[in-house]
>>> print(open('coords23.csv').read())   # CSV, C-alpha atoms and all ligand atoms
chain,number,residue,atom,x,y,z
A,1,MET,CA,81.6,95.7,106.9
A,2,ALA,CA,81.6,94.9,103.2
A,3,TYR,CA,84.7,93.2,101.6
A,4,ASP,CA,86.8,95.8,99.8
A,5,PRO,CA,88.1,94.3,96.5
A,6,ASN,CA,90.9,96.9,96.5
A,7,ASN,CA,92.6,95.7,99.7
A,8,VAL,CA,96.3,95.0,99.3
A,9,PHE,CA,95.9,91.2,99.4
A,10,ALA,CA,93.2,91.2,96.8
A,11,LYS,CA,95.7,93.2,94.6
A,12,ILE,CA,98.4,90.6,95.3
A,13,LEU,CA,95.9,87.8,94.3
A,14,ARG,CA,95.2,89.6,91.0
A,15,GLY,CA,98.9,90.1,90.4
A,16,GLU,CA,98.6,93.9,90.6
A,17,ILE,CA,101.2,94.0,93.5
A,18,PRO,CA,104.2,91.8,93.6
A,19,SER,CA,104.7,89.2,96.4
A,20,LEU,CA,107.4,86.7,97.3
A,21,LYS,CA,105.3,83.5,96.8
A,22,ILE,CA,105.8,80.3,98.8
A,23,LEU,CA,102.8,78.2,97.5
A,24,GLU,CA,99.9,78.9,95.3
A,25,ASP,CA,97.0,76.7,94.1
A,26,GLU,CA,93.3,77.1,93.2
A,27,HIS,CA,92.4,77.7,96.9
A,28,VAL,CA,95.2,79.7,98.5
A,29,LEU,CA,98.3,81.8,98.1
A,30,ALA,CA,101.1,81.9,100.7
A,31,PHE,CA,103.8,84.6,100.6
A,32,MET,CA,106.3,86.4,102.8
A,33,ASP,CA,105.1,89.1,105.1
A,34,ILE,CA,107.0,92.3,104.1
A,35,MET,CA,107.2,93.6,107.6
A,36,PRO,CA,108.1,90.3,109.4
A,37,TRP,CA,107.5,89.8,113.1
A,38,SER,CA,110.4,87.3,113.0
A,39,GLU,CA,112.6,85.5,110.5
A,40,GLY,CA,110.4,83.3,108.3
A,41,HIS,CA,107.1,85.1,108.9
A,42,THR,CA,104.7,83.9,106.2
A,43,LEU,CA,101.1,84.7,105.4
A,44,VAL,CA,98.5,82.3,103.9
A,45,ILE,CA,95.3,83.7,102.3
A,46,PRO,CA,92.3,82.2,100.6
A,47,ARG,CA,91.5,83.1,97.0
A,48,ALA,CA,87.9,83.5,98.2
A,49,ALA,CA,86.9,87.1,98.9
A,50,ALA,CA,86.5,87.0,102.7
A,51,ARG,CA,87.1,90.0,105.0
A,52,ASN,CA,87.6,87.8,108.0
A,53,LEU,CA,86.9,84.4,109.7
A,54,PHE,CA,83.2,85.0,109.8
A,55,GLU,CA,82.8,85.5,106.1
A,56,ILE,CA,84.6,82.5,104.6
A,57,GLN,CA,82.7,79.4,103.6
A,58,PRO,CA,83.6,76.3,105.7
A,59,HIS,CA,84.9,74.3,102.7
A,60,ALA,CA,87.3,77.2,101.7
A,61,LEU,CA,88.4,77.6,105.4
A,62,ALA,CA,89.2,73.9,105.5
A,63,LYS,CA,91.4,74.2,102.4
A,64,LEU,CA,93.0,77.3,104.0
A,65,ILE,CA,93.9,75.7,107.3
A,66,GLU,CA,95.1,72.5,105.5
A,67,ARG,CA,97.5,74.6,103.3
A,68,THR,CA,98.5,76.6,106.4
A,69,GLN,CA,99.7,73.4,108.0
A,70,THR,CA,101.7,72.5,104.9
A,71,VAL,CA,103.4,75.9,104.8
A,72,ALA,CA,104.0,75.9,108.6
A,73,GLN,CA,105.7,72.5,108.3
A,74,ALA,CA,108.0,73.9,105.6
A,75,VAL,CA,108.7,77.0,107.7
A,76,GLN,CA,109.5,74.8,110.7
A,77,LYS,CA,111.9,72.7,108.6
A,78,ALA,CA,113.5,75.7,107.0
A,79,PHE,CA,114.1,77.8,110.1
A,80,LYS,CA,114.0,75.3,113.0
A,81,PRO,CA,112.4,77.9,115.4
A,82,ASP,CA,111.9,76.9,119.0
A,83,GLY,CA,108.2,77.5,118.6
A,84,LEU,CA,105.7,78.7,116.0
A,85,ARG,CA,102.7,80.9,116.5
A,86,LEU,CA,99.6,80.9,114.2
A,87,VAL,CA,97.8,84.3,114.3
A,88,GLN,CA,94.6,85.4,112.7
A,89,ASN,CA,93.2,88.8,113.6
A,90,ASN,CA,89.6,89.9,113.0
A,91,GLU,CA,88.8,93.7,112.9
A,92,PRO,CA,91.0,96.6,114.0
A,93,ALA,CA,90.4,96.0,117.7
A,94,ALA,CA,92.1,92.6,117.3
A,95,GLY,CA,94.9,94.1,115.3
A,96,GLN,CA,93.7,93.4,111.7
A,97,THR,CA,95.1,95.9,109.3
A,98,VAL,CA,94.5,94.2,106.0
A,99,PHE,CA,90.9,93.2,105.4
A,100,HIS,CA,91.3,90.0,103.5
A,101,LEU,CA,91.3,86.9,105.8
A,102,HIS,CA,94.9,85.7,106.4
A,103,PHE,CA,96.8,83.4,108.8
A,104,HIS,CA,100.2,84.5,110.0
A,105,ILE,CA,102.7,81.8,110.5
A,106,VAL,CA,105.2,83.3,112.9
A,107,PRO,CA,108.3,81.4,113.9
A,108,CYS,CA,109.3,82.1,117.6
A,109,TYR,CA,113.0,82.0,118.7
A,110,GLU,CA,114.0,81.8,122.4
A,111,GLY,CA,115.1,85.2,123.6
A,112,VAL,CA,114.1,87.0,120.4
A,113,PRO,CA,111.1,89.3,120.9
A,114,LEU,CA,108.5,89.4,118.1
A,115,LEU,CA,108.4,92.7,116.1
A,116,ILE,CA,104.6,92.7,116.1
A,117,HIS,CA,103.2,95.5,113.8
A,118,GLN,CA,106.4,97.4,113.7
A,119,PRO,CA,106.6,99.2,110.4
A,120,VAL,CA,110.0,97.9,109.4
A,121,MET,CA,110.3,96.7,105.8
A,122,ALA,CA,112.5,93.6,105.5
A,123,ASP,CA,115.4,93.7,103.0
A,124,GLN,CA,114.0,92.3,99.8
A,125,ALA,CA,117.0,90.1,98.9
A,126,LEU,CA,116.9,88.6,102.4
A,127,LEU,CA,113.1,87.9,102.1
A,128,ARG,CA,113.7,86.4,98.7
A,129,ALA,CA,116.3,84.0,100.2
A,130,HIS,CA,113.9,83.2,103.0
A,131,ALA,CA,111.1,82.4,100.6
A,132,GLU,CA,113.5,80.1,98.6
A,133,ARG,CA,114.5,78.3,101.8
A,134,ILE,CA,110.8,77.6,102.7
A,135,ARG,CA,109.9,76.6,99.2
A,136,LYS,CA,112.6,73.9,99.2
A,137,GLU,CA,111.0,72.3,102.2
A,138,LEU,CA,107.5,72.0,100.7
A,139,PRO,CA,106.4,68.4,99.9
B,201,LIG,P1,97.1,92.0,110.1
B,201,LIG,O1,97.5,93.1,111.0
B,201,LIG,O2,96.7,90.7,110.9
B,201,LIG,O3,95.9,92.4,109.2
B,201,LIG,O4,98.3,91.6,109.2
B,201,LIG,C1,98.6,92.2,108.0
B,201,LIG,C2,100.0,91.8,107.6
B,201,LIG,O5,100.2,92.1,106.3
B,201,LIG,C3,101.1,92.6,108.4
B,201,LIG,O6,101.9,91.8,109.1
B,201,LIG,C4,101.8,93.4,107.2
B,201,LIG,O7,103.2,93.4,107.5
B,201,LIG,C5,101.5,92.5,106.1
B,201,LIG,N1,101.5,93.2,104.8
B,201,LIG,C6,101.0,94.4,104.4
B,201,LIG,N2,101.2,94.6,103.1
B,201,LIG,C7,101.9,93.6,102.6
B,201,LIG,C8,102.4,93.3,101.3
B,201,LIG,N3,102.2,94.1,100.3
B,201,LIG,N4,103.0,92.1,101.2
B,201,LIG,C9,103.2,91.3,102.2
B,201,LIG,N5,102.7,91.5,103.5
B,201,LIG,C10,102.1,92.6,103.7
>>> encode(input="coords23.csv", output="structure tokens", more="lines below")
Ligand code: AMP
Amino acid sequence: MAYDPNNVFAKILRGEIPSLKILEDEHVLAFMDIMPWSEGHTLVIPRAAARNLFEIQPHALAKLIERTQTVAQAVQKAFKPDGLRLVQNNEPAAGQTVFHLHFHIVPCYEGVPLLIHQPVMADQALLRAHAERIRKELP
């Protein structure tokens, strides 16, 4: 399927929709997921217009995964979860709901079930505080 330039992450990249940013550079943008599966759930997206893993150029994917590691390290330091899951869904059958490639960085806490795809919007003030905590741990 063709890339839809009006998907929500494309709008975030263009600044048409607000986001709680963690890191941005010429290659990627990282921001808080508004319906987090766990405390500290962060998304990392390429600036390149790619619907999924199959569409992105290898050099852009390399930058994306490199930045994803940087953000994951900051999330780990900020929240000290017991584990951390990296998720990337391709197409609805796999759970993709926003059709701009993204990596989910999902902290996992012993005994706390993940709220996967539950339409619960996080409190904005809390998310803002979480974003600040992660940003402080960036190199
Ligand atoms: P996926 O199901 O893998 O496509 O993941 C899409 C993710 O984007 C979900 O976890 C949503 O909570 C998240 N999401 C949707 N809209 C926004 C938004 N405006 N800002 C931040 N995260 C969003």
>>> residues_around(input="coords23.csv", residues="Glu110 of chain A", least_positions_apart="4", cutoff="10 Å", atoms="only C-alpha atoms", output="ChimeraX atom specification")
/A:81-83
>>> residues_near_ligand(input="coords23.csv", ligand="ligand LIG 201 (chain B)", cutoff="10 Å", atoms="only C-alpha atoms and all ligand atoms", output="JSON list (two decimals) with C-alpha atoms, in the coordinates of the input")
[["chain", "number", "residue", "atom", "x", "y", "z"],
["A", 7, "ASN", "CA", 92.60, 95.70, 99.70],
["A", 8, "VAL", "CA", 96.30, 95.00, 99.30],
["A", 9, "PHE", "CA", 95.90, 91.20, 99.40],
["A", 11, "LYS", "CA", 95.70, 93.20, 94.60],
["A", 12, "ILE", "CA", 98.40, 90.60, 95.30],
["A", 17, "ILE", "CA", 101.20, 94.00, 93.50],
["A", 18, "PRO", "CA", 104.20, 91.80, 93.60],
["A", 19, "SER", "CA", 104.70, 89.20, 96.40],
["A", 20, "LEU", "CA", 107.40, 86.70, 97.30],
["A", 21, "LYS", "CA", 105.30, 83.50, 96.80],
["A", 30, "ALA", "CA", 101.10, 81.90, 100.70],
["A", 31, "PHE", "CA", 103.80, 84.60, 100.60],
["A", 32, "MET", "CA", 106.30, 86.40, 102.80],
["A", 33, "ASP", "CA", 105.10, 89.10, 105.10],
["A", 34, "ILE", "CA", 107.00, 92.30, 104.10],
["A", 35, "MET", "CA", 107.20, 93.60, 107.60],
["A", 36, "PRO", "CA", 108.10, 90.30, 109.40],
["A", 37, "TRP", "CA", 107.50, 89.80, 113.10],
["A", 41, "HIS", "CA", 107.10, 85.10, 108.90],
["A", 42, "THR", "CA", 104.70, 83.90, 106.20],
["A", 43, "LEU", "CA", 101.10, 84.70, 105.40],
["A", 52, "ASN", "CA", 87.60, 87.80, 108.00],
["A", 87, "VAL", "CA", 97.80, 84.30, 114.30],
["A", 88, "GLN", "CA", 94.60, 85.40, 112.70],
["A", 89, "ASN", "CA", 93.20, 88.80, 113.60],
["A", 90, "ASN", "CA", 89.60, 89.90, 113.00],
["A", 91, "GLU", "CA", 88.80, 93.70, 112.90],
["A", 92, "PRO", "CA", 91.00, 96.60, 114.00],
["A", 94, "ALA", "CA", 92.10, 92.60, 117.30],
["A", 95, "GLY", "CA", 94.90, 94.10, 115.30],
["A", 96, "GLN", "CA", 93.70, 93.40, 111.70],
["A", 97, "THR", "CA", 95.10, 95.90, 109.30],
["A", 98, "VAL", "CA", 94.50, 94.20, 106.00],
["A", 99, "PHE", "CA", 90.90, 93.20, 105.40],
["A", 100, "HIS", "CA", 91.30, 90.00, 103.50],
["A", 101, "LEU", "CA", 91.30, 86.90, 105.80],
["A", 102, "HIS", "CA", 94.90, 85.70, 106.40],
["A", 103, "PHE", "CA", 96.80, 83.40, 108.80],
["A", 104, "HIS", "CA", 100.20, 84.50, 110.00],
["A", 106, "VAL", "CA", 105.20, 83.30, 112.90],
["A", 115, "LEU", "CA", 108.40, 92.70, 116.10],
["A", 116, "ILE", "CA", 104.60, 92.70, 116.10],
["A", 117, "HIS", "CA", 103.20, 95.50, 113.80],
["A", 118, "GLN", "CA", 106.40, 97.40, 113.70],
["A", 119, "PRO", "CA", 106.60, 99.20, 110.40],
["A", 120, "VAL", "CA", 110.00, 97.90, 109.40],
["A", 121, "MET", "CA", 110.30, 96.70, 105.80],
["A", 122, "ALA", "CA", 112.50, 93.60, 105.50]]
>>> closest_residue(input="coords23.csv", among="A:Arg51, A:Gly40, A:Ala93, A:Arg135", to="Pro107 of chain A", atoms="only C-alpha atoms")
A:Gly40
>>> atom_distance(input="coords23.csv", atom1="atom CA of Arg85 of chain A", atom2="atom CA of Asp4 of chain A")
27.5 Å
>>> atom_distance(input="coords23.csv", atom1="atom CA of Gln57 of chain A", atom2="atom CA of Glu24 of chain A")
19.1 Å
>>> atom_distance(input="coords23.csv", atom1="atom CA of Glu137 of chain A", atom2="atom CA of Ala10 of chain A")
26.5 Å
>>> closest_residue(input="coords23.csv", among="A:Asp25, A:Glu16, A:Glu39, A:Glu132", to="Leu84 of chain A", atoms="only C-alpha atoms")
A:Glu39
>>> closest_residue(input="coords23.csv", among="A:Asp123, A:Val28, A:Ser38, A:Val44", to="Tyr109 of chain A", atoms="only C-alpha atoms")
A:Ser38
>>> residues_near_point(input="coords23.csv", point="(114.7, 81.9, 105.0)", cutoff="9 Å", atoms="all atoms listed in the file", output="list in words")
Glu39, Gly40, Val75, Ala78, Phe79, Leu126, Leu127, Arg128, Ala129, His130, Ala131, Glu132, Arg133 and Ile134 of chain A
>>> residues_around(input="coords23.csv", residues="Pro46 of chain A", least_positions_apart="4", cutoff="7 Å", atoms="only C-alpha atoms", output="list in words")
His27, Val28, Leu29 and Leu64 of chain A
>>> closest_residue(input="coords23.csv", among="A:Lys136, A:Lys77, A:Arg47, A:His59", to="Pro5 of chain A", atoms="all atoms listed in the file")
A:Arg47
